[in-house]
$ cat entry.cif   # mmCIF, C-alpha atoms and all ligand atoms
data_work
#
loop_
_atom_site.label_atom_id
_atom_site.label_comp_id
_atom_site.auth_asym_id
_atom_site.auth_seq_id
_atom_site.Cartn_x
_atom_site.Cartn_y
_atom_site.Cartn_z
CA MET A 129 103.77 60.03 97.76
CA ALA A 130 100.43 61.10 96.29
CA LYS A 131 100.26 64.30 94.30
CA PRO A 132 98.82 67.40 95.96
CA PRO A 133 95.17 68.05 95.09
CA LYS A 134 94.34 69.91 91.89
CA PRO A 135 92.99 73.41 92.50
CA SER A 136 89.63 72.40 91.09
CA THR A 137 89.25 69.77 93.80
CA VAL A 138 89.83 72.24 96.65
CA LYS A 139 86.46 73.03 98.10
CA ARG A 140 85.08 75.54 100.55
CA GLY A 141 85.18 74.10 104.04
CA THR A 142 88.58 72.52 103.34
CA ARG A 143 90.23 71.62 106.64
CA VAL A 144 93.38 73.63 107.24
CA ALA A 145 95.70 74.19 110.19
CA VAL A 146 97.71 77.26 111.09
CA LEU A 147 100.63 76.65 113.46
CA GLY A 148 101.58 79.76 115.39
CA ALA A 149 99.07 82.17 116.92
CA GLY A 150 101.14 85.36 116.87
CA SER A 151 100.21 88.38 114.80
CA TRP A 152 100.70 86.79 111.38
CA GLY A 153 99.42 83.29 112.15
CA THR A 154 96.23 84.69 113.65
CA THR A 155 95.74 87.18 110.82
CA PHE A 156 96.32 84.48 108.22
CA ALA A 157 93.89 82.17 110.01
CA LYS A 158 91.32 84.97 109.71
CA ILE A 159 92.02 85.33 105.97
CA LEU A 160 91.55 81.58 105.48
CA ALA A 161 88.39 81.43 107.60
CA ASP A 162 86.94 84.49 105.88
CA GLY A 163 87.73 82.76 102.58
CA GLY A 164 85.57 79.81 103.62
CA ALA A 165 88.10 77.26 104.92
CA ASP A 166 87.56 75.25 108.10
CA VAL A 167 90.50 76.58 110.12
CA MET A 168 92.04 75.38 113.35
CA ILE A 169 94.90 77.45 114.74
CA TRP A 170 97.53 76.07 117.11
CA ALA A 171 98.76 78.30 119.94
CA ARG A 172 101.50 76.86 122.10
CA ARG A 173 100.01 78.53 125.21
CA PRO A 174 96.70 76.96 126.28
CA GLU A 175 95.39 80.28 127.64
CA LEU A 176 95.84 81.93 124.25
CA ALA A 177 94.18 78.99 122.48
CA ARG A 178 91.28 79.33 124.93
CA GLU A 179 90.92 83.06 124.31
CA ILE A 180 90.82 82.56 120.52
CA GLN A 181 88.46 79.59 120.78
CA GLU A 182 86.04 81.13 123.27
CA ALA A 183 86.25 84.92 122.92
CA LYS A 184 87.35 85.00 119.25
CA ARG A 185 90.05 87.43 120.26
CA ASN A 186 93.85 87.44 120.45
CA SER A 187 94.46 90.35 122.78
CA ASP A 188 98.24 89.74 123.02
CA TYR A 189 98.89 90.13 119.32
CA LEU A 190 95.84 91.69 117.66
CA PRO A 191 94.15 93.89 120.26
CA GLY A 192 90.71 95.10 119.25
CA ILE A 193 90.29 92.62 116.40
CA ASN A 194 87.25 90.35 116.30
CA LEU A 195 88.16 86.98 114.80
CA PRO A 196 85.77 84.93 112.68
CA VAL A 197 83.27 82.89 114.68
CA SER A 198 84.16 79.83 112.62
CA LEU A 199 87.83 79.97 113.67
CA ARG A 200 88.75 77.20 116.11
CA ALA A 201 91.85 77.07 118.29
CA THR A 202 93.76 74.49 120.29
CA SER A 203 97.07 74.10 122.08
CA ARG A 204 97.24 70.45 120.92
CA LEU A 205 99.17 69.87 117.72
CA ASP A 206 97.47 66.52 117.07
CA LEU A 207 94.02 68.15 117.09
CA ALA A 208 95.13 71.09 114.97
CA LEU A 209 96.64 68.81 112.33
CA ALA A 210 94.02 66.06 112.22
CA GLY A 211 92.69 65.90 108.67
CA ALA A 212 94.37 69.17 107.59
CA GLU A 213 94.82 69.33 103.80
CA GLN A 214 96.93 72.47 104.04
CA VAL A 215 99.17 73.43 106.95
CA PHE A 216 100.37 77.03 107.33
CA LEU A 217 103.44 77.76 109.44
CA ALA A 218 103.83 81.08 111.28
CA VAL A 219 106.32 80.61 114.08
CA PRO A 220 109.66 82.46 114.36
CA SER A 221 112.06 81.07 111.74
CA GLN A 222 114.57 79.88 114.31
CA SER A 223 111.92 77.65 115.91
CA LEU A 224 110.57 76.13 112.69
CA ARG A 225 112.63 72.94 112.84
CA GLU A 226 111.54 72.07 116.38
CA THR A 227 107.92 72.87 115.53
CA LEU A 228 108.06 70.58 112.49
CA ALA A 229 109.61 67.78 114.56
CA ALA A 230 106.64 67.97 116.94
CA ALA A 231 104.14 68.25 114.07
CA ARG A 232 105.53 65.46 111.88
CA PRO A 233 103.78 62.49 113.52
CA HIS A 234 100.39 64.19 113.10
CA LEU A 235 100.77 65.45 109.54
CA GLY A 236 98.84 63.83 106.68
CA ALA A 237 101.06 62.37 103.93
CA ASN A 238 99.38 64.48 101.24
CA ALA A 239 99.12 67.73 103.17
CA ILE A 240 100.46 70.84 101.47
CA VAL A 241 102.81 72.66 103.85
CA VAL A 242 103.05 76.43 103.52
CA SER A 243 105.63 78.76 105.04
CA LEU A 244 104.37 82.21 106.01
CA MET A 245 107.76 83.04 107.51
CA LYS A 246 110.46 85.47 106.40
CA GLY A 247 113.74 84.21 107.78
CA VAL A 248 116.80 82.03 107.21
CA GLU A 249 117.83 79.32 109.66
CA LYS A 250 120.97 80.14 111.61
CA GLY A 251 123.63 77.46 111.44
CA THR A 252 122.36 75.93 108.18
CA ASP A 253 121.62 79.16 106.21
CA LEU A 254 118.55 77.39 104.82
CA ARG A 255 115.37 79.11 103.62
CA MET A 256 112.18 78.06 105.36
CA SER A 257 110.98 75.91 102.46
CA GLU A 258 114.33 74.12 102.55
CA VAL A 259 113.97 73.47 106.28
CA ILE A 260 110.50 72.05 105.63
CA GLY A 261 111.92 69.84 102.86
CA GLU A 262 114.58 68.53 105.23
CA ALA A 263 112.36 68.05 108.26
CA LEU A 264 109.32 66.46 106.61
CA PRO A 265 109.02 63.45 104.29
CA ILE A 266 107.21 65.36 101.55
CA PRO A 267 108.28 66.31 98.01
CA ALA A 268 109.04 69.91 97.02
CA GLU A 269 105.77 69.96 95.05
CA GLN A 270 103.86 69.80 98.34
CA ILE A 271 105.64 72.85 99.75
CA ALA A 272 104.63 76.48 99.20
CA VAL A 273 105.55 79.89 100.58
CA VAL A 274 103.55 83.09 100.91
CA SER A 275 105.09 86.56 100.85
CA GLY A 276 104.23 90.16 100.05
CA PRO A 277 103.44 93.54 101.62
CA ASN A 278 101.50 92.01 104.49
CA LEU A 279 101.65 93.99 107.73
CA ALA A 280 99.44 91.84 109.92
CA LEU A 281 97.47 94.48 111.80
CA GLU A 282 96.41 96.29 108.61
CA ILE A 283 95.14 93.03 107.16
CA ALA A 284 93.41 92.04 110.40
CA LYS A 285 91.52 95.33 110.00
CA GLU A 286 90.61 94.12 106.50
CA GLN A 287 92.56 96.83 104.69
CA PRO A 288 93.10 95.45 101.17
CA THR A 289 96.43 94.06 100.07
CA ALA A 290 97.98 91.40 97.85
CA ALA A 291 100.47 88.60 98.28
CA VAL A 292 102.16 85.96 96.20
CA VAL A 293 102.02 82.20 96.76
CA SER A 294 104.98 80.37 95.35
CA SER A 295 105.70 76.69 94.84
CA THR A 296 107.77 74.72 92.37
CA SER A 297 104.39 73.22 91.48
CA LEU A 298 102.04 75.79 89.96
CA GLU A 299 99.13 73.49 90.88
CA THR A 300 100.10 73.63 94.53
CA ALA A 301 100.54 77.42 94.45
CA GLN A 302 97.09 77.73 92.88
CA ALA A 303 95.51 75.39 95.44
CA VAL A 304 96.94 77.50 98.27
CA ALA A 305 96.06 80.80 96.57
CA LYS A 306 92.51 79.63 96.12
CA LEU A 307 92.08 79.07 99.85
CA ALA A 308 94.11 82.11 100.92
CA SER A 309 92.00 84.64 99.06
CA THR A 310 89.24 86.80 100.36
CA GLY A 311 87.72 90.22 99.71
CA TYR A 312 90.60 92.12 101.32
CA PHE A 313 93.42 89.68 100.43
CA ARG A 314 94.31 89.04 96.79
CA THR A 315 96.81 86.28 96.04
CA PHE A 316 98.96 85.94 92.95
CA VAL A 317 101.06 82.88 92.15
CA ASN A 318 104.52 82.19 90.82
CA THR A 319 106.97 79.28 90.76
CA ASP A 320 110.03 81.24 91.90
CA VAL A 321 110.28 79.99 95.48
CA ILE A 322 113.85 81.26 95.89
CA GLY A 323 113.04 84.82 94.84
CA THR A 324 109.79 84.89 96.81
CA GLU A 325 111.45 83.73 100.02
CA PHE A 326 114.59 85.81 99.72
CA GLY A 327 112.50 88.92 98.94
CA GLY A 328 110.83 88.56 102.35
CA VAL A 329 114.08 87.86 104.17
CA LEU A 330 116.08 90.67 102.60
CA LYS A 331 113.54 93.46 102.88
CA ASN A 332 113.65 92.91 106.67
CA LEU A 333 117.33 93.84 106.67
CA ILE A 334 116.78 96.95 104.59
CA ALA A 335 113.89 97.88 106.92
CA VAL A 336 116.26 97.63 109.90
CA ALA A 337 118.65 100.02 108.06
CA ILE A 338 115.77 102.42 107.39
CA GLY A 339 114.75 102.26 111.05
CA ILE A 340 118.31 103.04 112.10
CA VAL A 341 118.59 106.18 109.96
CA ASP A 342 115.11 107.24 111.08
CA GLY A 343 116.18 106.84 114.70
CA VAL A 344 119.30 108.89 114.04
CA GLY A 345 117.08 111.63 112.60
CA TYR A 346 118.13 111.52 108.95
CA GLY A 347 115.50 112.49 106.39
CA GLU A 348 113.87 111.24 103.25
CA ASN A 349 116.88 111.51 100.91
CA THR A 350 118.85 109.10 103.08
CA LYS A 351 115.94 106.69 103.30
CA ALA A 352 115.14 106.82 99.58
CA SER A 353 118.80 106.17 98.78
CA ILE A 354 118.90 103.17 101.10
CA ILE A 355 115.66 101.73 99.74
CA THR A 356 116.88 102.13 96.14
CA ARG A 357 120.35 100.73 96.79
CA GLY A 358 118.78 98.11 99.04
CA LEU A 359 116.66 96.82 96.19
CA VAL A 360 119.80 96.46 94.09
CA GLU A 361 121.44 94.45 96.89
CA MET A 362 118.34 92.30 97.29
CA THR A 363 118.19 91.63 93.56
CA ASP A 364 121.90 90.87 93.19
CA PHE A 365 121.76 88.47 96.11
CA ALA A 366 118.58 86.66 95.12
CA VAL A 367 119.53 86.34 91.44
CA ALA A 368 122.96 84.99 92.41
CA HIS A 369 121.10 82.27 94.34
CA GLY A 370 118.86 81.37 91.41
CA ALA A 371 115.90 83.75 91.76
CA GLN A 372 114.20 85.39 88.82
CA VAL A 373 114.86 89.09 88.65
CA GLU A 374 111.16 89.86 88.10
CA THR A 375 110.21 88.39 91.46
CA LEU A 376 112.27 91.01 93.24
CA SER A 377 110.36 93.78 91.53
CA GLY A 378 107.04 92.09 92.39
CA LEU A 379 104.99 91.91 95.56
CA ALA A 380 107.49 89.74 97.44
CA GLY A 381 110.36 92.13 96.68
CA LEU A 382 109.69 95.78 95.97
CA GLY A 383 106.13 95.54 97.30
CA ASP A 384 107.18 94.25 100.70
CA LEU A 385 110.22 96.53 100.78
CA ILE A 386 108.00 99.60 100.45
CA ALA A 387 105.49 98.43 103.08
CA THR A 388 108.10 97.44 105.62
CA CYS A 389 110.36 100.45 105.16
CA GLN A 390 107.46 102.88 105.44
CA SER A 391 105.50 101.50 108.34
CA PRO A 392 105.94 101.85 112.08
CA LEU A 393 103.94 98.62 112.28
CA SER A 394 107.02 96.78 111.02
CA ARG A 395 108.94 95.21 113.89
CA ASN A 396 112.18 95.28 111.88
CA ASN A 397 111.73 98.96 111.16
CA THR A 398 110.84 99.66 114.81
CA ALA A 399 113.81 97.66 116.11
CA GLY A 400 116.10 99.59 113.75
CA ARG A 401 114.70 102.89 115.03
CA LEU A 402 115.54 101.92 118.60
CA LEU A 403 119.08 101.05 117.51
CA GLY A 404 119.32 104.43 115.79
CA GLN A 405 118.23 106.10 119.02
CA GLY A 406 121.22 104.54 120.73
CA LEU A 407 119.93 101.31 122.29
CA SER A 408 122.11 98.22 122.09
CA MET A 409 120.96 95.11 120.22
CA ALA A 410 120.45 93.33 123.55
CA ASP A 411 118.25 96.15 124.88
CA VAL A 412 116.22 96.31 121.66
CA THR A 413 115.71 92.54 121.72
CA LYS A 414 114.45 92.78 125.32
CA GLN A 415 112.10 95.60 124.40
CA MET A 416 110.59 93.97 121.28
CA LYS A 417 107.65 91.79 122.28
CA GLN A 418 107.32 90.23 118.84
CA THR A 419 109.53 88.46 116.33
CA THR A 420 112.23 90.59 114.66
CA GLU A 421 113.45 88.24 111.93
CA GLY A 422 116.06 90.64 110.53
CA PHE A 423 118.25 90.34 113.62
CA ALA A 424 118.56 86.57 113.23
CA SER A 425 118.99 86.50 109.46
CA VAL A 426 121.69 89.15 109.04
CA GLY A 427 124.48 86.62 109.75
CA PRO A 428 123.18 83.83 107.48
CA VAL A 429 122.48 86.33 104.68
CA LEU A 430 126.01 87.71 104.77
CA GLU A 431 127.41 84.16 104.75
CA LEU A 432 125.28 83.30 101.73
CA ALA A 433 126.31 86.56 100.02
CA LYS A 434 129.99 85.78 100.60
CA ALA A 435 129.57 82.29 99.16
CA LYS A 436 128.33 83.81 95.89
CA GLY A 437 130.66 86.83 95.91
CA VAL A 438 127.76 89.30 96.24
CA ASP A 439 128.53 92.69 97.74
CA MET A 440 125.94 93.79 100.35
CA PRO A 441 127.24 97.04 101.85
CA ILE A 442 123.95 98.10 103.47
CA VAL A 443 123.37 94.71 105.09
CA GLU A 444 127.01 94.70 106.23
CA GLN A 445 126.49 98.09 107.88
CA VAL A 446 123.40 96.75 109.65
CA ARG A 447 125.51 93.88 110.97
CA GLN A 448 128.10 96.32 112.26
CA VAL A 449 125.50 98.50 114.00
CA LEU A 450 124.00 95.37 115.60
CA ALA A 451 127.46 94.28 116.73
CA GLY A 452 128.13 97.75 118.16
CA THR A 453 131.12 98.32 115.87
CA LEU A 454 129.51 101.06 113.73
CA LYS A 455 127.80 104.14 115.14
CA PRO A 456 124.22 104.35 113.88
CA ALA A 457 124.92 107.89 112.62
CA ASP A 458 127.62 106.48 110.34
CA ILE A 459 125.26 104.17 108.48
CA ALA A 460 124.77 105.63 105.05
CA PRO A 461 123.89 104.66 101.54
CA HIS A 462 127.33 105.79 100.34
CA LEU A 463 128.28 102.11 99.88
CA THR A 464 131.65 101.31 101.33
CA THR A 465 134.42 101.35 98.78
CA ASP A 466 138.20 101.17 98.98
CA SER A 467 138.50 103.35 95.91
CA ASP A 468 138.66 107.16 95.91
CA GLU A 469 137.43 107.14 92.31
CA PRO A 470 133.75 107.91 91.75
CA GLN A 471 131.88 104.70 91.00
CA GLY A 472 129.36 104.19 88.26
CA GLU A 473 125.86 103.77 89.67
CA ARG A 474 125.39 100.03 89.53
CA ASN A 475 121.70 99.82 88.84
CA LEU A 476 119.33 96.99 88.22
CA ASP A 477 120.43 96.91 84.59
CA ASP A 478 123.97 96.12 85.65
CA ALA A 479 125.28 92.89 84.24
CA GLN A 480 125.71 91.47 87.73
CA ALA A 481 121.97 91.57 88.18
CA GLN A 482 121.94 89.06 85.34
CA GLY A 483 119.17 90.30 83.18
CA GLY A 484 118.50 93.42 85.22
CA ALA A 485 117.39 95.00 81.96
CA ALA A 486 114.51 92.57 82.25
CA VAL A 487 113.43 94.45 85.38
CA TRP A 488 113.15 97.62 83.41
CA ARG A 489 111.26 95.84 80.65
CA SER A 490 108.97 94.32 83.28
CA VAL A 491 108.35 97.68 84.93
CA LYS A 492 107.49 99.19 81.54
CA ARG A 493 105.25 96.22 80.79
CA ALA A 494 103.51 96.56 84.16
CA PHE A 495 102.87 100.27 83.66
CA HIS A 496 101.60 99.53 80.18
CA GLN A 497 99.27 96.86 81.58
CA LEU A 498 98.07 99.14 84.33
CA ARG A 499 97.38 101.93 81.84
CA ASN A 500 95.48 99.49 79.66
CA GLY A 501 93.57 97.91 82.53
CA GLY A 502 95.63 94.71 82.68
CA GLY A 503 95.82 93.00 86.05
CA SER A 504 99.17 91.26 85.91
CA SER A 505 101.83 92.28 88.40
CA LEU A 506 105.29 91.73 86.92
CA GLY A 507 106.33 88.12 87.61
CA ASP A 508 103.40 87.36 89.91
CA ARG A 509 100.48 85.81 88.04
CA PRO A 510 96.83 86.09 89.07
N1 LIG A 601 103.49 90.07 111.59
C1 LIG A 601 103.53 90.31 110.31
O1 LIG A 601 103.05 91.37 109.87
C2 LIG A 601 104.11 89.32 109.38
C3 LIG A 601 104.97 88.33 109.82
N2 LIG A 601 105.51 87.46 108.92
C4 LIG A 601 106.40 86.39 109.35
O2 LIG A 601 105.67 85.43 110.12
C5 LIG A 601 106.52 84.77 111.04
C6 LIG A 601 105.87 84.79 112.41
O3 LIG A 601 105.81 86.14 112.79
P1 LIG A 601 104.69 86.78 113.69
O4 LIG A 601 103.44 86.01 113.73
O5 LIG A 601 104.60 88.18 113.28
O6 LIG A 601 105.43 86.67 115.11
P2 LIG A 601 104.84 86.98 116.52
O7 LIG A 601 106.01 87.37 117.35
O8 LIG A 601 103.70 87.90 116.42
O9 LIG A 601 104.29 85.55 117.01
C7 LIG A 601 105.14 84.44 117.12
C8 LIG A 601 104.31 83.20 117.37
O10 LIG A 601 105.18 82.07 117.43
C9 LIG A 601 105.11 81.48 118.73
N3 LIG A 601 106.42 81.04 119.13
C10 LIG A 601 107.45 81.77 119.60
N4 LIG A 601 108.51 80.99 119.86
C11 LIG A 601 108.14 79.74 119.54
C12 LIG A 601 108.78 78.48 119.60
N5 LIG A 601 110.03 78.37 120.05
N6 LIG A 601 108.09 77.40 119.21
C13 LIG A 601 106.83 77.48 118.75
N7 LIG A 601 106.16 78.66 118.69
C14 LIG A 601 106.81 79.75 119.08
C15 LIG A 601 104.57 82.56 119.64
O11 LIG A 601 103.97 81.95 120.77
P3 LIG A 601 103.87 82.72 122.18
O12 LIG A 601 102.80 83.76 122.02
O13 LIG A 601 103.48 81.63 123.11
O14 LIG A 601 105.22 83.30 122.47
C16 LIG A 601 103.58 83.22 118.70
O15 LIG A 601 102.41 82.43 118.58
C17 LIG A 601 107.87 85.52 110.98
O16 LIG A 601 108.74 84.80 110.18
C18 LIG A 601 107.52 86.84 110.28
O17 LIG A 601 108.58 87.36 109.52
C19 LIG A 601 105.22 87.52 107.59
C20 LIG A 601 104.36 88.47 107.11
C21 LIG A 601 103.74 89.44 107.97
O1 LIG A 602 106.71 91.02 106.69
C1 LIG A 602 106.05 91.94 107.12
C2 LIG A 602 105.21 92.79 106.27
O2 LIG A 602 105.12 92.28 104.97
C3 LIG A 602 106.12 92.27 108.56
O3 LIG A 602 107.29 92.94 108.78
P1 LIG A 602 107.93 92.94 110.23
O4 LIG A 602 108.30 91.53 110.54
O5 LIG A 602 109.08 93.87 110.14
O6 LIG A 602 106.86 93.44 111.16
#

$ encode --input "entry.cif" --output "structure tokens" --more "lines below"
Ligand SMILES: NC(=O)C1=CN([C@@H]2O[C@H](COP(=O)(O)OP(=O)(O)OC[C@H]3O[C@@H](n4cnc5c(N)ncnc54)[C@H](OP(=O)(O)O)[C@@H]3O)[C@@H](O)[C@H]2O)C=CC1
Ligand SMILES: O=C(CO)COP(=O)(O)O
Amino acid sequence: MAKPPKPSTVKRGTRVAVLGAGSWGTTFAKILADGGADVMIWARRPELAREIQEAKRNSDYLPGINLPVSLRATSRLDLALAGAEQVFLAVPSQSLRETLAAARPHLGANAIVVSLMKGVEKGTDLRMSEVIGEALPIPAEQIAVVSGPNLALEIAKEQPTAAVVSSTSLETAQAVAKLASTGYFRTFVNTDVIGTEFGGVLKNLIAVAIGIVDGVGYGENTKASIITRGLVEMTDFAVAHGAQVETLSGLAGLGDLIATCQSPLSRNNTAGRLLGQGLSMADVTKQMKQTTEGFASVGPVLELAKAKGVDMPIVEQVRQVLAGTLKPADIAPHLTTDSDEPQGERNLDDAQAQGGAAVWRSVKRAFHQLRNGGGSSLGDRP
């Protein structure tokens, strides 16, 4: 298998495909087109492909947004993938494998394949990059993931933000970052695929918890406690699975956690709020018109946590609320414990976070860099 192209060989007008024309796929296609790539987006519904192609609009998912005139759309996978050097995937996580099976015959052998998704596959507990590695005959060096505080509608309105592109190959991450960069979208790179992917998966679950307590009517103390303890859970979990602790305090971890927990634009947050207001999981699922990844990944995440002996009390409470076995009003950041004794606050510098002290050093380093005009963001490199 040939090596992916070096960043220096990636030129403007590079042919890329985006599979999935929902809110994120369409927004990402806009980022790529605005950055100068030749983008074709695949929508599974021909009428949506036609609207994007002809009216440069996606009124189902991004009402009011004008898409770039250069953006092309099709409902045919073969046309979308023909000649694509980079292929970006933005379908719901649980449908990735079937989408890849349909795409495989049309995919170039050297194409870089990039997950924009934030989920874990039910049944296999695999991250999206792992599903790609299983479903396609390409080496890990040709696979990348993108994550960060990236609420689609804000970005579609060209409000500035940043993201991180991660691949085990720094060259691949840089090649993707180079294309996926424009005036309002700044991309950093790292090689910690595990931390980058799990950051995106886990913040969804904490955002559901935040939505629940919001729906119940609890205030800022409750939410701040859940966000803080949630970051500890996220870090413990990801590090136990091989992530670098710095990644969880970067854009793909803390950054995305803040955005998703704060914003009513977040579907996970919104779905949690409906649960907190008393709706059942089935009713919330019916009401949500878009993908709510947290609902599907709560089971796989808890299985993965159990396998590594990681305690995830907030995520466990989310599972119980979803299952209808815990009243939303009983969800709390108190962290379930069998002991009546007061517990020490297990912070990010706890030994279990394996090098959590490094987080603190990184935070201090980042503040120092910011104060001195440095641009580096913790583990994510420009
Ligand atoms: N929206 C956001 O702000 C962000 C989302 N993400 C991640 O991106 C991924 C996609 O989310 P998002 O775009 O928001 O989701 P949306 O719900 O907005 O869109 C989903 C897209 O996938 C298509 N789709 C649904 N089911 C299938 C299927 N079985 N096979 C093939 N295509 C299917 C939909 O087609 P149709 O319209 O025909 O139903 C639609 O084009 C998720 O993992 C999410 O976590 C990441 C960062 C930001
Ligand atoms: O991942 C996102 C923002 O970074 C989008 O979050 P939701 O899927 O909850 O809308």

$ residues_near_ligand --input "entry.cif" --ligand "ligand LIG 601 (chain A)" --cutoff "7 Å" --atoms "all atoms listed in the file" --output "NGL selection string"
:A and (148-153 or 171-173 or 189 or 218-221 or 223 or 226-227 or 244-247 or 275 or 278-281 or 394 or 417-419 or 421)

$ write_last_selection --input "entry.cif" --atoms "C-alpha atoms" --output "PDB file, keeping the file's coordinate frame"
ATOM      1  CA  GLY A 148     101.580  79.760 115.390  1.00  0.00           C
ATOM      2  CA  ALA A 149      99.070  82.170 116.920  1.00  0.00           C
ATOM      3  CA  GLY A 150     101.140  85.360 116.870  1.00  0.00           C
ATOM      4  CA  SER A 151     100.210  88.380 114.800  1.00  0.00           C
ATOM      5  CA  TRP A 152     100.700  86.790 111.380  1.00  0.00           C
ATOM      6  CA  GLY A 153      99.420  83.290 112.150  1.00  0.00           C
ATOM      7  CA  ALA A 171      98.760  78.300 119.940  1.00  0.00           C
ATOM      8  CA  ARG A 172     101.500  76.860 122.100  1.00  0.00           C
ATOM      9  CA  ARG A 173     100.010  78.530 125.210  1.00  0.00           C
ATOM     10  CA  TYR A 189      98.890  90.130 119.320  1.00  0.00           C
ATOM     11  CA  ALA A 218     103.830  81.080 111.280  1.00  0.00           C
ATOM     12  CA  VAL A 219     106.320  80.610 114.080  1.00  0.00           C
ATOM     13  CA  PRO A 220     109.660  82.460 114.360  1.00  0.00           C
ATOM     14  CA  SER A 221     112.060  81.070 111.740  1.00  0.00           C
ATOM     15  CA  SER A 223     111.920  77.650 115.910  1.00  0.00           C
ATOM     16  CA  GLU A 226     111.540  72.070 116.380  1.00  0.00           C
ATOM     17  CA  THR A 227     107.920  72.870 115.530  1.00  0.00           C
ATOM     18  CA  LEU A 244     104.370  82.210 106.010  1.00  0.00           C
ATOM     19  CA  MET A 245     107.760  83.040 107.510  1.00  0.00           C
ATOM     20  CA  LYS A 246     110.460  85.470 106.400  1.00  0.00           C
ATOM     21  CA  GLY A 247     113.740  84.210 107.780  1.00  0.00           C
ATOM     22  CA  SER A 275     105.090  86.560 100.850  1.00  0.00           C
ATOM     23  CA  ASN A 278     101.500  92.010 104.490  1.00  0.00           C
ATOM     24  CA  LEU A 279     101.650  93.990 107.730  1.00  0.00           C
ATOM     25  CA  ALA A 280      99.440  91.840 109.920  1.00  0.00           C
ATOM     26  CA  LEU A 281      97.470  94.480 111.800  1.00  0.00           C
ATOM     27  CA  SER A 394     107.020  96.780 111.020  1.00  0.00           C
ATOM     28  CA  LYS A 417     107.650  91.790 122.280  1.00  0.00           C
ATOM     29  CA  GLN A 418     107.320  90.230 118.840  1.00  0.00           C
ATOM     30  CA  THR A 419     109.530  88.460 116.330  1.00  0.00           C
ATOM     31  CA  GLU A 421     113.450  88.240 111.930  1.00  0.00           C
TER      32      GLU A 421
END

$ closest_atom_pairs --input "entry.cif" --of "chain A" --to "ligand LIG 602 (chain A)" --cutoff "6 Å" --atoms "all atoms listed in the file" --output "Markdown table"
| residue | atom | partner | partner_atom | distance |
| --- | --- | --- | --- | --- |
| A:Gly276 | CA | A:LIG602 | O2 | 5.4 |
| A:Pro277 | CA | A:LIG602 | O2 | 4.0 |
| A:Asn278 | CA | A:LIG602 | O2 | 3.7 |
| A:Leu279 | CA | A:LIG602 | C2 | 4.0 |
| A:Asn332 | CA | A:LIG602 | O5 | 5.8 |
| A:Asp384 | CA | A:LIG602 | O2 | 5.1 |
| A:Thr388 | CA | A:LIG602 | C2 | 5.5 |
| A:Ser394 | CA | A:LIG602 | O6 | 3.3 |
| A:Arg395 | CA | A:LIG602 | O6 | 3.9 |
| A:Asn396 | CA | A:LIG602 | O5 | 3.8 |
| A:Asn397 | CA | A:LIG602 | O5 | 5.8 |
| A:Thr420 | CA | A:LIG602 | O4 | 5.8 |

$ axis_aligned_box --input "entry.cif" --around "segment 271-278 of chain A" --padding-each-side "4 Å" --output "JSON"
{"center_x": 103.6, "center_y": 83.2, "center_z": 101.8, "size_x": 12.1, "size_y": 28.7, "size_z": 13.3}

$ residues_around --input "entry.cif" --residues "Phe423 of chain A" --least-positions-apart "5" --cutoff "10 Å" --atoms "all atoms listed in the file" --output "PDB file with C-alpha atoms, in the coordinates of the input"
ATOM      1  CA  GLY A 247     113.740  84.210 107.780  1.00  0.00           C
ATOM      2  CA  ASN A 332     113.650  92.910 106.670  1.00  0.00           C
ATOM      3  CA  LEU A 333     117.330  93.840 106.670  1.00  0.00           C
ATOM      4  CA  VAL A 336     116.260  97.630 109.900  1.00  0.00           C
ATOM      5  CA  ASN A 396     112.180  95.280 111.880  1.00  0.00           C
ATOM      6  CA  ALA A 399     113.810  97.660 116.110  1.00  0.00           C
ATOM      7  CA  GLY A 400     116.100  99.590 113.750  1.00  0.00           C
ATOM      8  CA  MET A 409     120.960  95.110 120.220  1.00  0.00           C
ATOM      9  CA  THR A 413     115.710  92.540 121.720  1.00  0.00           C
ATOM     10  CA  VAL A 446     123.400  96.750 109.650  1.00  0.00           C
ATOM     11  CA  ARG A 447     125.510  93.880 110.970  1.00  0.00           C
ATOM     12  CA  LEU A 450     124.000  95.370 115.600  1.00  0.00           C
TER      13      LEU A 450
END

$ closest_residue --input "entry.cif" --among "A:Val144, A:Ala335, A:Val429, A:Met168" --to "Leu393 of chain A" --atoms "all atoms listed in the file"
A:Ala335

$ residues_around --input "entry.cif" --residues "Leu254 of chain A" --least-positions-apart "4" --cutoff "12 Å" --atoms "all atoms listed in the file" --output "ChimeraX atom specification"
/A:221-222,224-225,246-250,258-263,322,325-326,329,369,425,428-429,431-432

$ atom_distance --input "entry.cif" --atom1 "atom CA of Leu385 of chain A" --atom2 "atom CA of Val293 of chain A"
17.0 Å

$ residues_around --input "entry.cif" --residues "Ala212 of chain A" --least-positions-apart "5" --cutoff "9 Å" --atoms "all atoms listed in the file" --output "list in words"
Thr142, Arg143, Val144, Ala145, Val167, Met168, Leu235, Gly236, Ala239 and Ile240 of chain A

$ residues_around --input "entry.cif" --residues "Val317 of chain A" --least-positions-apart "3" --cutoff "12 Å" --atoms "all atoms listed in the file" --output "ChimeraX atom specification"
/A:272-276,290-306,308-309,314,320-321,324,375,378-380,504-510

$ atom_distance --input "entry.cif" --atom1 "atom CA of Arg255 of chain A" --atom2 "atom CA of Gly328 of chain A"
10.6 Å
